[in-house]
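Visitor: Sending over a structure as structure tokens; questions will come in a sec.
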Amino acid sequence: MREEQIEKLRGVVRDCVSKHLYSSAIFFADKVAAVTADPADIYMQAQALYLGRHYRRAFHLLNASQIVLRDLRFRYLAAKCLEELKEWDQCLLMLGDGNVDEHGNIIDTKECSSMYLDKDGEDREINIISAICFLRGKAYEALENRSEARLWYKAAIKADPLCYEALECLIEGDMLSCEEETNLLATLQFSPKDGWLSSFYSCLVKKYEKENVVETKFKELEVEVANTKTPGKSLCTLKNNTDLLACKAEYYHQCGEYQKCFELTSILLEKDPFHLKCTLVHLAAAMELGHSNELYLMSCNLVKDYPQKALSWFAVGCYYYCIKKYDQSRRYFSKATSLDGTFAPAWIGYGNAYAAQEEGDQAMSAYRTAARLFPGCHLPSLYIGMEYMRTHSFKLAEQFFMQAQAICHSDPLVYNELGVVAYHMKEYKNAVWWFENTLANVPSSLSEMWEPTLVNLAHALRKLKRYIEAIAYYEKALALSTRSLSTYAGLAYTYHLQDNFTAAITHYHKALWIKSDDQFCTEMLTLALQDECQLGTNPKAGTVRSQLFT
């Protein structure tokens with residue numbers, strides 16, 4: 001067979017692969033490799049076998065070659081075959097020894113010296129070392145060694161910032177805390193042309209900064225950038241990119257702007273109904289808003305299209321949780337965790353379904369599993385603290401809230417719970433400090449979601465006899481929600497303690513209008529009326545009686 005014919009057959013193999021005609025590709029690649037015995041042709045044949053899902057045969061071909069341990073491409077493809085065969089220990093053996101430090105830096109100089117690099121080409125190939133590090137991470141994760149997997153994922157993204165899959169595993173698997181994510185992004189060495197990618201990655205990580213900071217990140221990517229390749233052509237922009245808008249929806253959810261989040265995800269899912277990250281955010285927003293019909297439709301479609309994905313059964317669990325059928329909800333959350341043990345939302349939902357029925361031991365078990373599997377997620381520690389607080393174990397609750405705060409320094413919900421614990425332990429100065437920090441860390445303008453925090457802060461200030469400040473926060477709370485019994489009762493009581501009986505009586509009446517049989521407001525209204533009547537004959541009577549209830 002002449003060289004021209006061989007080159008023509010190589011072209012046929014490449015064309016068959018591009019057209020997904022893998023059997024044809026395998027047939028012709030086999031003939032080319034038989035004629036030439038060239039390592040490049042053997043590699044092409046192995047690739048065709050891999051794409052045709054003949055993993056055992058592809059591995060045998062690569063392993064039988066003399067250069068499998070000397071050429072990183074051969075070794076990597078052989079390991080990929082073992083990955084598909086789920087032979088994880090053999091996969092790690094094939095990849096060879098490797099060492100990384102605690103920051104994800106490769107310290108095996110021998111492996112680094114045998115790098116296979118071809119990044120000067122037009123297509124900018126991803127560093128083979130990065131791909132090998134990523135595969136090591138997947139193998140360790142499959143072997144349930146998530147701490148080692150985390151190091152190798154970090155090594156992969158550091159070796160080549162274009163290895164997005166490594167960053168995705170770190171973020172989606174909640175392997176890094178907020179601070180660790182920020183530090184990792186700061187160490188990545190992007191080329192001058194990849195500035196947009198650095199900005200995009202910063203939008204993917206946890207977003208608890210102030211609204212103006214996050215919005216600036218999004219605007220950097222949304223601005224139109226001139227197309228430098230073809231001058232005069234239209235401008236290119238990521239403004240309508242689904243991934244970017246899904247990140248923005250996730251930010252809205254973290255801010256508590258659930259309606260805004262739901263509206264954005266609804267638009268995105270009309271455009272791309274199978275975008276799974278957007279689907280997860282959409283489900284979370286629908287849960288918060290109580291849209292059970294939407295959850296039902298979404299879960300039906302997901303189970304039909306993706307019966308083997310944890311997300312589908314998680315959606316079913318969300319529907320049952322929303323309609324308060326917690327037994328069925330637990331069953332489907334459990335099924336989601338059995339399909340994918342690294343799907344964090346299912347573990348959290350599983351614990352919440354138990355907690356909703358006050359089955360604390362089972363809820364704690366689910367939260368502890370989540371805390372072990374997802375060291376970068378502060379929610380399991382937060383929920384464990386909430387369970388301890390429900391059983392009045394305030395010191396234990398405080399410990400877990402502090403753990404959550406160490407993982408995520410800027411989630412206002414953690415500060416709020418620390419304030420509640422301090423209040424219950426009668427540490428009112430600490431409570432005020434935590435509640436003020438809660439409001440300082442709210443990323444956007446205050447919404448109805450934060451009305452309880454304002455009320456709690458007012459209660460703590462009232463306990464410290466700082467009545468004027470307490471009244472100011474009660475009024476701020478009323479500006480967010482006018483249907484809160486606790487706010488009116490607290491405001492009325494504060495006025496009562498100031499001997500402002502007219503204002504106290506007015507607000508006790510408003511509280512009783514919301515709940516006419518409230519015992520505290522009924523009794524205090526009677527006392528306020530008596531105090532007001534006696535004020536004319538004995539001016540000190542009201543002051544003495546009010547002090548009894550401080």
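Residues are named by chain letter and number: chains run A, B, ... in the order of the structure tokens, numbers start at 1 in each chain, and ligands are numbered from 1 in the order shown.
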Using DSSP on the backbone coordinates, identify all residues within region 8-111 of chain A classified as helix (DSSP H, G or I); present the result as a PyMOL selection string.

Guide: chain A and resi 8-18+22-36+39-51+55-64+72-84+88-95+109-111

Visitor: Name the residues in contact with region 472-478 of chain A at a cut-off of 6 Å, using only C-alpha atoms, excluding same-chain residues fewer than 5 positions from it; report them as a compact mmCIF listing (two decimals) with all heavy atoms, in the first residue's frame.

Guide:
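New file result-v8.txt:
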# COMPACT_ATOMS: atom_id res chain seq x y z
N GLU A 451 -37.18 40.75 57.57
CA GLU A 451 -38.03 41.37 58.59
C GLU A 451 -37.86 40.73 59.97
O GLU A 451 -37.74 41.44 60.98
CB GLU A 451 -39.49 41.31 58.13
CG GLU A 451 -40.48 41.96 59.07
CD GLU A 451 -41.19 40.94 59.95
OE1 GLU A 451 -41.10 39.73 59.66
OE2 GLU A 451 -41.81 41.34 60.94
N LEU A 454 -34.79 42.22 61.76
CA LEU A 454 -35.04 43.55 62.32
C LEU A 454 -35.83 43.46 63.63
O LEU A 454 -35.53 44.17 64.60
CB LEU A 454 -35.81 44.40 61.31
CG LEU A 454 -35.03 44.82 60.04
CD1 LEU A 454 -35.98 45.40 59.01
CD2 LEU A 454 -33.95 45.82 60.38
N VAL A 455 -36.80 42.57 63.65
CA VAL A 455 -37.61 42.38 64.87
C VAL A 455 -36.74 41.82 66.00
O VAL A 455 -36.81 42.28 67.15
CB VAL A 455 -38.81 41.46 64.59
CG1 VAL A 455 -39.58 41.17 65.88
CG2 VAL A 455 -39.74 42.08 63.55
N ALA A 458 -34.59 44.50 67.38
CA ALA A 458 -35.39 45.40 68.21
C ALA A 458 -35.67 44.77 69.58
O ALA A 458 -35.60 45.45 70.62
CB ALA A 458 -36.70 45.73 67.50

Visitor: Would you please work out which residue, of A:Ala186, A:Leu51, A:Val214, A:Ala64, is nearest to His20 (chain A) when using only C-alpha atoms?

Guide: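 For His20 (chain A), the nearest of the given residues is A:Leu51.
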
Visitor: Take CA of Leu61 (chain A) and CA of Arg75 (chain A) and report the distance between them in Å, one decimal.

Guide: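 These two atoms are separated by 11.6 Å.
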
Visitor: Could you give me, as a list in words, the residues within 8 Å of region 30-37 of chain A, counting only C-alpha atoms and dropping anything in the same chain fewer than 4 positions from it?

Guide: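 Listing them by chain and then by number gives Met1, Ile6, Leu9, Arg10, Ile26, Asp41, Ile42 and Gln45 of chain A.
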
Visitor: Give me the residues near Pro375 (chain A) as a list in words, where near means some atom within 7 Å (using only C-alpha atoms) and where sequence neighbours in that chain fewer than 4 positions away do not count.

Guide: Asp174, Met175, Leu176 and Ala371 of chain A

Visitor: Find the residues around Lys138 (chain A) up to 10 Å (only C-alpha atoms counted), leave out those fewer than 6 positions away in its own chain, and share them as a list in words.

Guide: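 Near neighbours after the sequence-gap exclusion: Glu83, Trp88, Leu92, Ile132, Glu144, Asn145, Arg146, Glu148, Ala149, Arg150, Trp152, Tyr153, Ala166 and Cys169 of chain A.
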
Visitor: Those residues you just picked out, can you put them in a file as a tab-separated table (two decimals), in the first residue's frame with all heavy atoms?

Guide:
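part.tsv, written as the output of this step:
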chain	number	residue	atom	x	y	z
A	83	GLU	N	-11.13	3.95	33.29
A	83	GLU	CA	-12.18	4.76	33.93
A	83	GLU	C	-13.55	4.29	33.47
A	83	GLU	O	-14.47	4.11	34.29
A	83	GLU	CB	-12.00	6.24	33.56
A	83	GLU	CG	-13.11	7.13	34.08
A	83	GLU	CD	-13.23	8.45	33.33
A	83	GLU	OE1	-12.60	8.61	32.27
A	83	GLU	OE2	-14.00	9.32	33.80
A	88	TRP	N	-10.95	1.56	39.04
A	88	TRP	CA	-10.32	2.80	39.49
A	88	TRP	C	-8.91	2.61	40.01
A	88	TRP	O	-8.03	3.45	39.78
A	88	TRP	CB	-11.21	3.46	40.55
A	88	TRP	CG	-12.57	3.79	40.03
A	88	TRP	CD1	-13.75	3.17	40.33
A	88	TRP	CD2	-12.90	4.82	39.08
A	88	TRP	NE1	-14.79	3.75	39.65
A	88	TRP	CE2	-14.29	4.76	38.87
A	88	TRP	CE3	-12.15	5.77	38.39
A	88	TRP	CZ2	-14.95	5.62	38.00
A	88	TRP	CZ3	-12.80	6.63	37.53
A	88	TRP	CH2	-14.18	6.57	37.35
A	92	LEU	N	-5.51	4.43	38.43
A	92	LEU	CA	-4.48	5.19	39.14
A	92	LEU	C	-3.09	4.61	38.90
A	92	LEU	O	-2.11	5.35	38.74
A	92	LEU	CB	-4.78	5.23	40.63
A	92	LEU	CG	-5.96	6.11	41.06
A	92	LEU	CD1	-6.30	5.88	42.53
A	92	LEU	CD2	-5.64	7.58	40.82
A	132	ILE	N	-4.50	14.67	33.03
A	132	ILE	CA	-4.12	13.54	33.88
A	132	ILE	C	-4.46	13.82	35.34
A	132	ILE	O	-4.99	12.96	36.05
A	132	ILE	CB	-2.61	13.22	33.70
A	132	ILE	CG1	-2.39	12.55	32.33
A	132	ILE	CG2	-2.09	12.33	34.82
A	132	ILE	CD1	-0.93	12.32	31.97
A	144	GLU	N	-14.05	7.32	46.87
A	144	GLU	CA	-14.55	8.01	48.07
A	144	GLU	C	-13.42	8.63	48.90
A	144	GLU	O	-13.56	8.82	50.11
A	144	GLU	CB	-15.40	7.08	48.94
A	144	GLU	CG	-16.65	6.58	48.21
A	144	GLU	CD	-17.57	5.75	49.08
A	144	GLU	OE1	-17.25	5.58	50.28
A	144	GLU	OE2	-18.60	5.29	48.58
A	145	ASN	N	-12.34	8.97	48.23
A	145	ASN	CA	-11.26	9.72	48.88
A	145	ASN	C	-11.36	11.17	48.39
A	145	ASN	O	-10.59	11.63	47.55
A	145	ASN	CB	-9.90	9.11	48.52
A	145	ASN	CG	-8.76	9.72	49.32
A	145	ASN	OD1	-8.91	10.79	49.93
A	145	ASN	ND2	-7.61	9.07	49.30
A	146	ARG	N	-12.36	11.90	48.93
A	146	ARG	CA	-12.66	13.22	48.40
A	146	ARG	C	-11.60	14.27	48.75
A	146	ARG	O	-11.42	15.24	48.01
A	146	ARG	CB	-14.04	13.68	48.90
A	146	ARG	CG	-15.18	12.94	48.22
A	146	ARG	CD	-16.53	13.29	48.81
A	146	ARG	NE	-16.89	14.68	48.63
A	146	ARG	CZ	-17.44	15.20	47.54
A	146	ARG	NH1	-17.67	14.42	46.49
A	146	ARG	NH2	-17.76	16.47	47.47
A	148	GLU	N	-8.33	13.74	48.75
A	148	GLU	CA	-7.28	13.60	47.72
A	148	GLU	C	-7.80	14.08	46.36
A	148	GLU	O	-7.07	14.71	45.59
A	148	GLU	CB	-6.84	12.14	47.64
A	148	GLU	CG	-5.53	11.91	46.91
A	148	GLU	CD	-4.31	12.41	47.68
A	148	GLU	OE1	-4.43	12.65	48.89
A	148	GLU	OE2	-3.25	12.57	47.05
A	149	ALA	N	-9.08	13.79	46.08
A	149	ALA	CA	-9.68	14.24	44.81
A	149	ALA	C	-9.65	15.76	44.71
A	149	ALA	O	-9.34	16.32	43.65
A	149	ALA	CB	-11.12	13.74	44.72
A	150	ARG	N	-9.92	16.43	45.82
A	150	ARG	CA	-9.92	17.89	45.83
A	150	ARG	C	-8.54	18.44	45.45
A	150	ARG	O	-8.44	19.38	44.65
A	150	ARG	CB	-10.33	18.40	47.21
A	150	ARG	CG	-10.33	19.91	47.35
A	150	ARG	CD	-10.75	20.35	48.72
A	150	ARG	NE	-9.86	19.84	49.75
A	150	ARG	CZ	-9.97	20.15	51.04
A	150	ARG	NH1	-10.94	20.94	51.45
A	150	ARG	NH2	-9.13	19.66	51.92
A	152	TRP	N	-6.22	17.02	43.61
A	152	TRP	CA	-5.90	16.78	42.20
A	152	TRP	C	-6.76	17.64	41.27
A	152	TRP	O	-6.30	18.04	40.20
A	152	TRP	CB	-6.04	15.28	41.87
A	152	TRP	CG	-4.87	14.50	42.38
A	152	TRP	CD1	-4.86	13.63	43.42
A	152	TRP	CD2	-3.53	14.56	41.89
A	152	TRP	NE1	-3.60	13.13	43.61
A	152	TRP	CE2	-2.75	13.68	42.69
A	152	TRP	CE3	-2.90	15.25	40.86
A	152	TRP	CZ2	-1.39	13.49	42.48
A	152	TRP	CZ3	-1.54	15.07	40.66
A	152	TRP	CH2	-0.79	14.19	41.45
A	153	TYR	N	-7.98	17.93	41.67
A	153	TYR	CA	-8.79	18.87	40.88
A	153	TYR	C	-8.14	20.25	40.88
A	153	TYR	O	-8.09	20.95	39.86
A	153	TYR	CB	-10.22	18.96	41.43
A	153	TYR	CG	-11.08	17.75	41.16
A	153	TYR	CD1	-12.04	17.32	42.08
A	153	TYR	CD2	-10.97	17.04	39.97
A	153	TYR	CE1	-12.84	16.22	41.84
A	153	TYR	CE2	-11.76	15.92	39.73
A	153	TYR	CZ	-12.69	15.52	40.67
A	153	TYR	OH	-13.49	14.43	40.41
A	166	ALA	N	-12.44	20.53	35.92
A	166	ALA	CA	-11.87	20.43	37.27
A	166	ALA	C	-12.50	21.48	38.18
A	166	ALA	O	-12.88	21.17	39.32
A	166	ALA	CB	-10.36	20.63	37.21
A	169	CYS	N	-16.08	20.46	39.09
A	169	CYS	CA	-16.15	19.44	40.14
A	169	CYS	C	-15.93	20.06	41.52
A	169	CYS	O	-16.59	19.68	42.49
A	169	CYS	CB	-15.13	18.35	39.88
A	169	CYS	SG	-15.56	17.25	38.52

Visitor: Could you check how far CA of Gly385 (chain A) sits from CA of Ala406 (chain A), in Å to one decimal?

Guide: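 Calculated distance between CA of Gly385 (chain A) and CA of Ala406 (chain A) is 13.7 Å.
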
Visitor: Considering only C-alpha atoms, state which residue in the set A:Arg331, A:Glu172, A:Gly137, A:Leu529 is at the smallest distance from Gly98 (chain A).

Guide: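 Checking each of A:Arg331, A:Glu172, A:Gly137, A:Leu529 against Gly98 (chain A), counting only C-alpha atoms, the winner is A:Gly137.
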
Visitor: Applying 12 Å and only C-alpha atoms, which residues near Gln362 (chain A) remain after dropping the ones on its own chain fewer than 4 positions away? List them as a list in words.

Guide: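 Contacts, with the query itself left out: Arg330, Trp347, Ile348, Tyr350, Gly351, Asn352, Ala353, Tyr354, Ala355, Ala356, Gln357, Glu358, Ala366, Tyr367, Arg368, Thr369, Ile384 and Glu387 of chain A.
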
Visitor: Residues near region 280-293 of chain A, anyone? I mean within 8 Å using only C-alpha atoms, not counting same-chain ones fewer than 3 positions away, as a PyMOL selection string.

Guide: chain A and resi 246+249-250+253+258-259+261-262+265-266+276-277+296-298+311+315+318-319+322-323

Visitor: Given only C-alpha atoms as the basis, pick out the residue of A:Lys309, A:His409, A:Arg462, A:Arg73 nearest to Val432 (chain A).

Guide: A:Arg462
